[in-house]
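Chemist: Just passing along the structure, written as structure tokens.
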Amino acid sequence: MSAPSSPEEVLNEQWQAGSFCFGCIDRGQERKDAGELGEWEALDFDATVDFWLLEWAKLDERPRSGVQSMFTTMADAFMRRPFRQLFCSRQTIIPEHSHRGKITIMDLPVKEFADAGRAAQVMFKYMWQQAAERRDVKDNPRPIFLWVDEAQNFATAYDMQFQATARSLRACTVYLTQNLPNYYAEFGSGAGRHRADSLVGNLQTKIWHANSDPETNKQAAEVVGKSWQERYGSSAGGGPDKQSGTYSESTRQTLEYDVEPQEFTKLRKGGVLNDLEVDAIIFQSGRVWSNGSTHLRTTFQQG
């Protein structure tokens, strides 16, 4: 809002004295003149100055006001509590704190803060992911983690890119959601569905609990896989008397799910009726469990 609206205003001393935009540029110039900026930082700074003092100032009023209106509408939530205190004041929490063993909890429920709460948490998650990617794990090998409940509310297209290299970053991601269609609804149809499948595919360990969604259960069964299994059959034929009757047995090999989709509907959900026990089926890519299978049925104790 304090950027110049014309080339003439750029040279106006009164505008310069009252413009927050110009004050930032002036402080940046002082740092550049003092040699505090590296070569590439200085080039970035010059490009930024050219944009605000040349391109933006010469831009026609109609497109400029359109851009300004779009941005201020988007940023308006960050000018009010609690986002102003969290992001627009003196910062005491930064994403890199997790590299030092600290845990940051984002307590901005979507049901309470709506889209603004989601945007704030997605923004911090994105900064955390970028900080993890910048980290030199040789100098700082501490494992870090990202834990997201109701993950469909905070998933973005960038997540699948992050997950592709998360293991080498020593970053563990835990996403919790009720079913796959939650992701599809957020990412949209067409290419969005492929992005959702890519994200889920890049999560190496999968834990399925009781679920009534057919698509989720079928995908879980597909992930666990199929194997050749023997199926027994028998037949009997009657004759004019008991002695002439026939009976035969046969076996055949069929490719069947190791865990049928309906099995996921039978898992216990905990609570008093189930003695506080929650059933689960666990799968981890490239692992054979103690039962000699690629999946393990287990039970978690609640509380």
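Each chain in the structure tokens gets a letter, A, B and so on, in the order shown; residues start at 1 in every chain, and ligands are counted from 1 in the order they appear.
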For A:Lys102, please output as a count of residues only all residues within 12 Å (counting only C-alpha atoms; exclusion window: fewer than 4 positions along the same chain).

Modeler: 10

Chemist: Which of stretch 91-253 of chain A end up as helix (DSSP H, G or I) when DSSP is run on this backbone - answer as an MDAnalysis selection string?

Modeler: chainID A and resid 95:100 110:134 151:153 157:165 180:187 191:202 214:224 242:244

Chemist: Show me, as a count of residues only, the residues that have an atom within 12 Å of A:Asp275 when counting only C-alpha atoms, minus same-chain residues fewer than 2 positions from it.

Modeler: 14

Chemist: Pick out the closest residue to A:Asp258 from this set: A:Asp50, A:Asp60, A:Glu230, A:Glu222. Count only C-alpha atoms.

Modeler: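 The shortest atom-to-atom distance to A:Asp258 comes from A:Glu222.
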
Chemist: Using only C-alpha atoms, which of the listed residues (A:Thr205, A:Thr216, A:Thr92, A:Thr156) sits closest to A:Ala119?

Modeler: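 Closest candidate: A:Thr156.
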
Chemist: Pick out the residues sitting within 12 Å of stretch 76-91 of chain A, and hand them over as a list in words; count only C-alpha atoms, and ignore anything fewer than 6 positions along from it in its own chain.

Modeler: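 Skipping anything fewer than 6 positions along the chain leaves Gln68, Ser69, Met70, Met106, Asp107, Leu108, Glu112, Phe113, Ala114, Asp115, Ala116, Gly117, Arg118, Ala119, Ala120, Gln121, Met123 and Phe124 of chain A.
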
Chemist: Restrict the selected residues to C-alpha atoms and save them as a short mmCIF file (atom, residue, chain, number, x, y, z; two decimals), in the first residue's frame.

Modeler:
data_model
loop_
_atom_site.label_atom_id
_atom_site.label_comp_id
_atom_site.auth_asym_id
_atom_site.auth_seq_id
_atom_site.Cartn_x
_atom_site.Cartn_y
_atom_site.Cartn_z
CA GLN A 68 -3.36 -4.61 -5.00
CA SER A 69 -6.96 -5.60 -4.22
CA MET A 70 -6.27 -9.31 -4.74
CA MET A 106 -0.02 -25.18 15.49
CA ASP A 107 -3.27 -24.76 17.44
CA LEU A 108 -5.49 -23.08 14.84
CA GLU A 112 -12.76 -22.31 14.49
CA PHE A 113 -10.56 -20.18 12.21
CA ALA A 114 -11.86 -21.45 8.83
CA ASP A 115 -9.76 -20.74 5.71
CA ALA A 116 -7.48 -18.32 7.54
CA GLY A 117 -6.54 -21.02 10.05
CA ARG A 118 -5.82 -23.45 7.26
CA ALA A 119 -3.73 -20.89 5.33
CA ALA A 120 -1.65 -20.05 8.39
CA GLN A 121 -0.85 -23.69 9.13
CA MET A 123 2.20 -21.58 5.30
CA PHE A 124 4.15 -22.65 8.38
#

Chemist: Counting only C-alpha atoms, what is within 12 Å of A:Asp197, bar same-chain residues fewer than 3 positions away, as an mmCIF file with N, CA and C atoms, in the first residue's frame?

Modeler:
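This is the output file result_37.cif:
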data_model
loop_
_atom_site.group_PDB
_atom_site.id
_atom_site.type_symbol
_atom_site.label_atom_id
_atom_site.label_comp_id
_atom_site.auth_asym_id
_atom_site.auth_seq_id
_atom_site.Cartn_x
_atom_site.Cartn_y
_atom_site.Cartn_z
ATOM 1 N N ALA A 157 0.100 -29.626 -3.172
ATOM 2 C CA ALA A 157 0.834 -30.298 -4.256
ATOM 3 C C ALA A 157 2.320 -30.402 -3.927
ATOM 4 N N ASP A 159 3.624 -31.264 -1.170
ATOM 5 C CA ASP A 159 3.896 -32.368 -0.246
ATOM 6 C C ASP A 159 4.497 -33.575 -0.948
ATOM 7 N N MET A 160 4.005 -33.893 -2.133
ATOM 8 C CA MET A 160 4.526 -35.080 -2.819
ATOM 9 C C MET A 160 5.979 -34.872 -3.229
ATOM 10 N N LEU A 180 -9.396 -42.083 1.658
ATOM 11 C CA LEU A 180 -8.783 -41.513 0.463
ATOM 12 C C LEU A 180 -9.625 -40.416 -0.191
ATOM 13 N N PRO A 181 -10.954 -40.599 -0.297
ATOM 14 C CA PRO A 181 -11.753 -39.539 -0.921
ATOM 15 C C PRO A 181 -11.582 -38.168 -0.275
ATOM 16 N N ASN A 182 -11.167 -38.112 0.985
ATOM 17 C CA ASN A 182 -10.879 -36.807 1.597
ATOM 18 C C ASN A 182 -9.792 -36.075 0.815
ATOM 19 N N TYR A 183 -8.739 -36.810 0.438
ATOM 20 C CA TYR A 183 -7.658 -36.205 -0.356
ATOM 21 C C TYR A 183 -8.165 -35.828 -1.748
ATOM 22 N N TYR A 184 -8.935 -36.729 -2.368
ATOM 23 C CA TYR A 184 -9.429 -36.453 -3.712
ATOM 24 C C TYR A 184 -10.285 -35.190 -3.725
ATOM 25 N N PHE A 187 -7.813 -32.144 -3.492
ATOM 26 C CA PHE A 187 -6.934 -31.939 -4.640
ATOM 27 C C PHE A 187 -7.706 -31.735 -5.940
ATOM 28 N N GLY A 188 -8.971 -32.143 -5.973
ATOM 29 C CA GLY A 188 -9.760 -31.992 -7.180
ATOM 30 C C GLY A 188 -9.664 -33.209 -8.084
ATOM 31 N N SER A 189 -10.483 -33.218 -9.118
ATOM 32 C CA SER A 189 -10.513 -34.354 -10.037
ATOM 33 C C SER A 189 -9.382 -34.252 -11.052
ATOM 34 N N GLY A 190 -9.282 -35.266 -11.915
ATOM 35 C CA GLY A 190 -8.258 -35.254 -12.957
ATOM 36 C C GLY A 190 -6.860 -35.358 -12.386
ATOM 37 N N ALA A 191 -6.025 -34.360 -12.701
ATOM 38 C CA ALA A 191 -4.636 -34.367 -12.237
ATOM 39 C C ALA A 191 -4.554 -34.326 -10.715
ATOM 40 N N GLY A 192 -5.556 -33.715 -10.079
ATOM 41 C CA GLY A 192 -5.559 -33.655 -8.618
ATOM 42 C C GLY A 192 -5.597 -35.026 -7.986
ATOM 43 N N ARG A 193 -6.330 -35.932 -8.595
ATOM 44 C CA ARG A 193 -6.397 -37.303 -8.071
ATOM 45 C C ARG A 193 -5.030 -37.982 -8.162
ATOM 46 N N HIS A 194 -4.320 -37.740 -9.257
ATOM 47 C CA HIS A 194 -2.980 -38.317 -9.403
ATOM 48 C C HIS A 194 -2.019 -37.736 -8.372
ATOM 49 N N VAL A 200 0.142 -40.212 -1.259
ATOM 50 C CA VAL A 200 -0.085 -41.404 -0.443
ATOM 51 C C VAL A 200 0.940 -42.482 -0.778
ATOM 52 N N GLY A 201 1.292 -42.597 -2.065
ATOM 53 C CA GLY A 201 2.279 -43.598 -2.472
ATOM 54 C C GLY A 201 3.664 -43.335 -1.909
ATOM 55 N N ASN A 202 4.001 -42.064 -1.690
ATOM 56 C CA ASN A 202 5.316 -41.722 -1.157
ATOM 57 C C ASN A 202 5.421 -41.895 0.353
ATOM 58 N N LEU A 203 4.292 -42.144 1.016
ATOM 59 C CA LEU A 203 4.310 -42.428 2.456
ATOM 60 C C LEU A 203 4.584 -43.918 2.622
ATOM 61 N N THR A 216 -11.210 -46.768 -0.153
ATOM 62 C CA THR A 216 -10.036 -46.840 0.720
ATOM 63 C C THR A 216 -9.675 -48.295 1.012
ATOM 64 N N GLN A 219 -8.135 -49.969 -2.040
ATOM 65 C CA GLN A 219 -6.760 -49.526 -2.267
ATOM 66 C C GLN A 219 -5.817 -50.137 -1.243
ATOM 67 N N VAL A 223 -2.574 -52.449 -2.014
ATOM 68 C CA VAL A 223 -1.227 -52.146 -1.517
ATOM 69 C C VAL A 223 -0.617 -53.367 -0.833
#

Chemist: List the neighbours of stretch 209-214 of chain A out to 8 Å using only C-alpha atoms; skip same-chain residues closer than 3 positions along the sequence, and give me the result as number ranges by chain.

Modeler: A: 178-179, 217-218, 261, 264-269, 278-281

Chemist: Now that the selection is made, can you save its residues with C-alpha atoms as a JSON list (two decimals), in the first residue's frame?

Modeler:
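Okay, result.json is ready:
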[["chain", "number", "residue", "atom", "x", "y", "z"],
["A", 178, "GLN", "CA", -10.33, -40.92, 7.54],
["A", 179, "ASN", "CA", -10.25, -42.09, 3.93],
["A", 217, "ASN", "CA", -10.42, -50.52, 1.64],
["A", 218, "LYS", "CA", -9.88, -51.67, -1.93],
["A", 261, "PRO", "CA", -11.23, -55.37, 1.41],
["A", 264, "PHE", "CA", -10.93, -53.60, 7.08],
["A", 265, "THR", "CA", -14.60, -53.20, 8.02],
["A", 266, "LYS", "CA", -14.22, -55.81, 10.76],
["A", 267, "LEU", "CA", -11.32, -54.26, 12.66],
["A", 268, "ARG", "CA", -12.14, -53.24, 16.22],
["A", 269, "LYS", "CA", -12.43, -49.50, 16.89],
["A", 278, "VAL", "CA", -7.91, -50.91, 18.45],
["A", 279, "ASP", "CA", -7.05, -53.29, 15.62],
["A", 280, "ALA", "CA", -4.80, -52.27, 12.75],
["A", 281, "ILE", "CA", -3.12, -53.67, 9.66]]

Chemist: A:Thr165: which residues within 12 Å, counting only C-alpha atoms, same-chain residues fewer than 6 positions away excluded, as a PyMOL selection string?

Modeler: chain A and resi 129-130+132-134+158-159+171-173+202-204

Chemist: For the selection you just gave me, I'd like the residues written to a file as a PDB file, in the first residue's frame, keeping N, CA and C atoms.

Modeler:
ATOM      1  N   GLN A 129       9.016 -27.363   5.749  1.00  0.00           N
ATOM      2  CA  GLN A 129       9.529 -28.301   4.741  1.00  0.00           C
ATOM      3  C   GLN A 129      10.746 -27.718   4.025  1.00  0.00           C
ATOM      4  N   GLN A 130      10.679 -26.440   3.704  1.00  0.00           N
ATOM      5  CA  GLN A 130      11.823 -25.822   3.023  1.00  0.00           C
ATOM      6  C   GLN A 130      13.039 -25.738   3.948  1.00  0.00           C
ATOM      7  N   ALA A 132      13.718 -27.860   6.254  1.00  0.00           N
ATOM      8  CA  ALA A 132      14.244 -29.226   6.307  1.00  0.00           C
ATOM      9  C   ALA A 132      15.083 -29.533   5.079  1.00  0.00           C
ATOM     10  N   GLU A 133      14.668 -29.029   3.932  1.00  0.00           N
ATOM     11  CA  GLU A 133      15.408 -29.291   2.692  1.00  0.00           C
ATOM     12  C   GLU A 133      16.716 -28.508   2.630  1.00  0.00           C
ATOM     13  N   ARG A 134      16.772 -27.370   3.314  1.00  0.00           N
ATOM     14  CA  ARG A 134      18.014 -26.584   3.339  1.00  0.00           C
ATOM     15  C   ARG A 134      19.026 -27.129   4.342  1.00  0.00           C
ATOM     16  N   TYR A 158       2.826 -29.488  -3.096  1.00  0.00           N
ATOM     17  CA  TYR A 158       4.261 -29.521  -2.756  1.00  0.00           C
ATOM     18  C   TYR A 158       4.608 -30.722  -1.873  1.00  0.00           C
ATOM     19  N   ASP A 159       3.624 -31.264  -1.170  1.00  0.00           N
ATOM     20  CA  ASP A 159       3.896 -32.368  -0.246  1.00  0.00           C
ATOM     21  C   ASP A 159       4.497 -33.575  -0.948  1.00  0.00           C
ATOM     22  N   ALA A 171      13.620 -36.719   7.731  1.00  0.00           N
ATOM     23  CA  ALA A 171      12.347 -36.108   8.123  1.00  0.00           C
ATOM     24  C   ALA A 171      11.247 -37.157   8.018  1.00  0.00           C
ATOM     25  N   CYS A 172      10.535 -37.381   9.106  1.00  0.00           N
ATOM     26  CA  CYS A 172       9.438 -38.342   9.145  1.00  0.00           C
ATOM     27  C   CYS A 172       8.113 -37.585   9.086  1.00  0.00           C
ATOM     28  N   THR A 173       7.257 -37.979   8.147  1.00  0.00           N
ATOM     29  CA  THR A 173       5.948 -37.350   7.998  1.00  0.00           C
ATOM     30  C   THR A 173       4.860 -38.331   8.404  1.00  0.00           C
ATOM     31  N   ASN A 202       4.001 -42.064  -1.690  1.00  0.00           N
ATOM     32  CA  ASN A 202       5.316 -41.722  -1.157  1.00  0.00           C
ATOM     33  C   ASN A 202       5.421 -41.895   0.353  1.00  0.00           C
ATOM     34  N   LEU A 203       4.292 -42.144   1.016  1.00  0.00           N
ATOM     35  CA  LEU A 203       4.310 -42.428   2.456  1.00  0.00           C
ATOM     36  C   LEU A 203       4.584 -43.918   2.622  1.00  0.00           C
ATOM     37  N   GLN A 204       5.749 -44.262   3.117  1.00  0.00           N
ATOM     38  CA  GLN A 204       6.228 -45.646   3.066  1.00  0.00           C
ATOM     39  C   GLN A 204       5.503 -46.589   4.022  1.00  0.00           C
TER      40      GLN A 204
END

Chemist: Kindly indicate which residue among A:Asp46, A:Lys125, A:Asp33, A:His99 lies nearest to A:Asp139, using only C-alpha atoms for the distances.

Modeler: A:His99

Chemist: Out of A:Leu176, A:Met1, A:Ala220, A:Leu146, which residue has the shortest atom-to-atom distance to A:Met127 when counting only C-alpha atoms?

Modeler: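 Of all the options, A:Leu146 lies closest to A:Met127.
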
Chemist: Which one is closest to A:Ala57: A:Gly35, A:Pro109, A:Pro4, A:Gly101? Count only C-alpha atoms.

Modeler: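 That would be A:Pro4, the residue with the smallest distance to A:Ala57.
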
Chemist: Please give the complete set of residues from stretch 115-294 of chain A that DSSP, run on the backbone, assigns to strand (DSSP E or B), formatted as number ranges by chain.

Modeler: A: 144-148, 171-175, 205-208, 226-237, 246-257, 269, 277-284

Chemist: Could you write out that same residue set with C-alpha atoms as a PDB file, in the first residue's frame?

Modeler:
ATOM      1  CA  ILE A 144      12.749 -34.399  12.721  1.00  0.00           C
ATOM      2  CA  PHE A 145       9.047 -35.053  12.195  1.00  0.00           C
ATOM      3  CA  LEU A 146       5.897 -33.494  10.805  1.00  0.00           C
ATOM      4  CA  TRP A 147       2.661 -34.744  12.412  1.00  0.00           C
ATOM      5  CA  VAL A 148      -0.614 -33.665  10.782  1.00  0.00           C
ATOM      6  CA  ALA A 171      12.347 -36.108   8.123  1.00  0.00           C
ATOM      7  CA  CYS A 172       9.438 -38.342   9.145  1.00  0.00           C
ATOM      8  CA  THR A 173       5.948 -37.350   7.998  1.00  0.00           C
ATOM      9  CA  VAL A 174       2.808 -38.700   9.691  1.00  0.00           C
ATOM     10  CA  TYR A 175      -0.470 -37.866   7.943  1.00  0.00           C
ATOM     11  CA  THR A 205       4.508 -46.980   6.199  1.00  0.00           C
ATOM     12  CA  LYS A 206       0.740 -47.296   6.123  1.00  0.00           C
ATOM     13  CA  ILE A 207      -1.484 -48.110   9.105  1.00  0.00           C
ATOM     14  CA  TRP A 208      -5.120 -48.923   8.379  1.00  0.00           C
ATOM     15  CA  LYS A 226      -2.143 -60.662  -3.813  1.00  0.00           C
ATOM     16  CA  SER A 227      -0.684 -64.159  -3.689  1.00  0.00           C
ATOM     17  CA  TRP A 228      -1.432 -67.540  -5.191  1.00  0.00           C
ATOM     18  CA  GLN A 229      -3.742 -69.435  -2.889  1.00  0.00           C
ATOM     19  CA  GLU A 230      -5.197 -72.917  -3.026  1.00  0.00           C
ATOM     20  CA  ARG A 231      -8.942 -73.265  -3.284  1.00  0.00           C
ATOM     21  CA  TYR A 232     -10.615 -76.615  -2.543  1.00  0.00           C
ATOM     22  CA  GLY A 233     -13.738 -77.875  -4.244  1.00  0.00           C
ATOM     23  CA  SER A 234     -15.861 -80.986  -4.123  1.00  0.00           C
ATOM     24  CA  SER A 235     -18.759 -82.405  -6.046  1.00  0.00           C
ATOM     25  CA  ALA A 236     -21.158 -85.277  -5.578  1.00  0.00           C
ATOM     26  CA  GLY A 237     -23.465 -86.975  -8.038  1.00  0.00           C
ATOM     27  CA  THR A 246     -20.005 -90.398  -7.259  1.00  0.00           C
ATOM     28  CA  TYR A 247     -17.924 -87.995  -5.183  1.00  0.00           C
ATOM     29  CA  SER A 248     -14.809 -86.032  -6.181  1.00  0.00           C
ATOM     30  CA  GLU A 249     -12.482 -83.385  -4.721  1.00  0.00           C
ATOM     31  CA  SER A 250     -10.243 -80.869  -6.513  1.00  0.00           C
ATOM     32  CA  THR A 251      -7.842 -78.029  -5.771  1.00  0.00           C
ATOM     33  CA  ARG A 252      -6.893 -75.062  -7.893  1.00  0.00           C
ATOM     34  CA  GLN A 253      -4.510 -72.108  -7.642  1.00  0.00           C
ATOM     35  CA  THR A 254      -6.079 -68.631  -7.702  1.00  0.00           C
ATOM     36  CA  LEU A 255      -4.590 -65.160  -7.269  1.00  0.00           C
ATOM     37  CA  GLU A 256      -6.352 -63.645  -4.263  1.00  0.00           C
ATOM     38  CA  TYR A 257      -5.942 -60.644  -1.949  1.00  0.00           C
ATOM     39  CA  LYS A 269     -12.428 -49.500  16.892  1.00  0.00           C
ATOM     40  CA  GLU A 277      -8.279 -52.235  22.003  1.00  0.00           C
ATOM     41  CA  VAL A 278      -7.907 -50.906  18.446  1.00  0.00           C
ATOM     42  CA  ASP A 279      -7.050 -53.294  15.616  1.00  0.00           C
ATOM     43  CA  ALA A 280      -4.805 -52.267  12.752  1.00  0.00           C
ATOM     44  CA  ILE A 281      -3.118 -53.672   9.661  1.00  0.00           C
ATOM     45  CA  ILE A 282       0.367 -52.292   9.047  1.00  0.00           C
ATOM     46  CA  PHE A 283       2.292 -52.270   5.782  1.00  0.00           C
ATOM     47  CA  GLN A 284       5.795 -50.975   5.127  1.00  0.00           C
TER      48      GLN A 284
END

Chemist: Which distance in Å separates atom CA of A:Ser290 and atom CA of A:Ser168, to one decimal?

Modeler: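 Computing the Euclidean distance for atom CA of A:Ser290 and atom CA of A:Ser168 yields 26.4 Å.
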
Chemist: So how far away is atom CA of A:Asn12 from atom CA of A:Asp26, in Å?

Modeler: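 Separation between atom CA of A:Asp26 and atom CA of A:Asn12: 14.3 Å.
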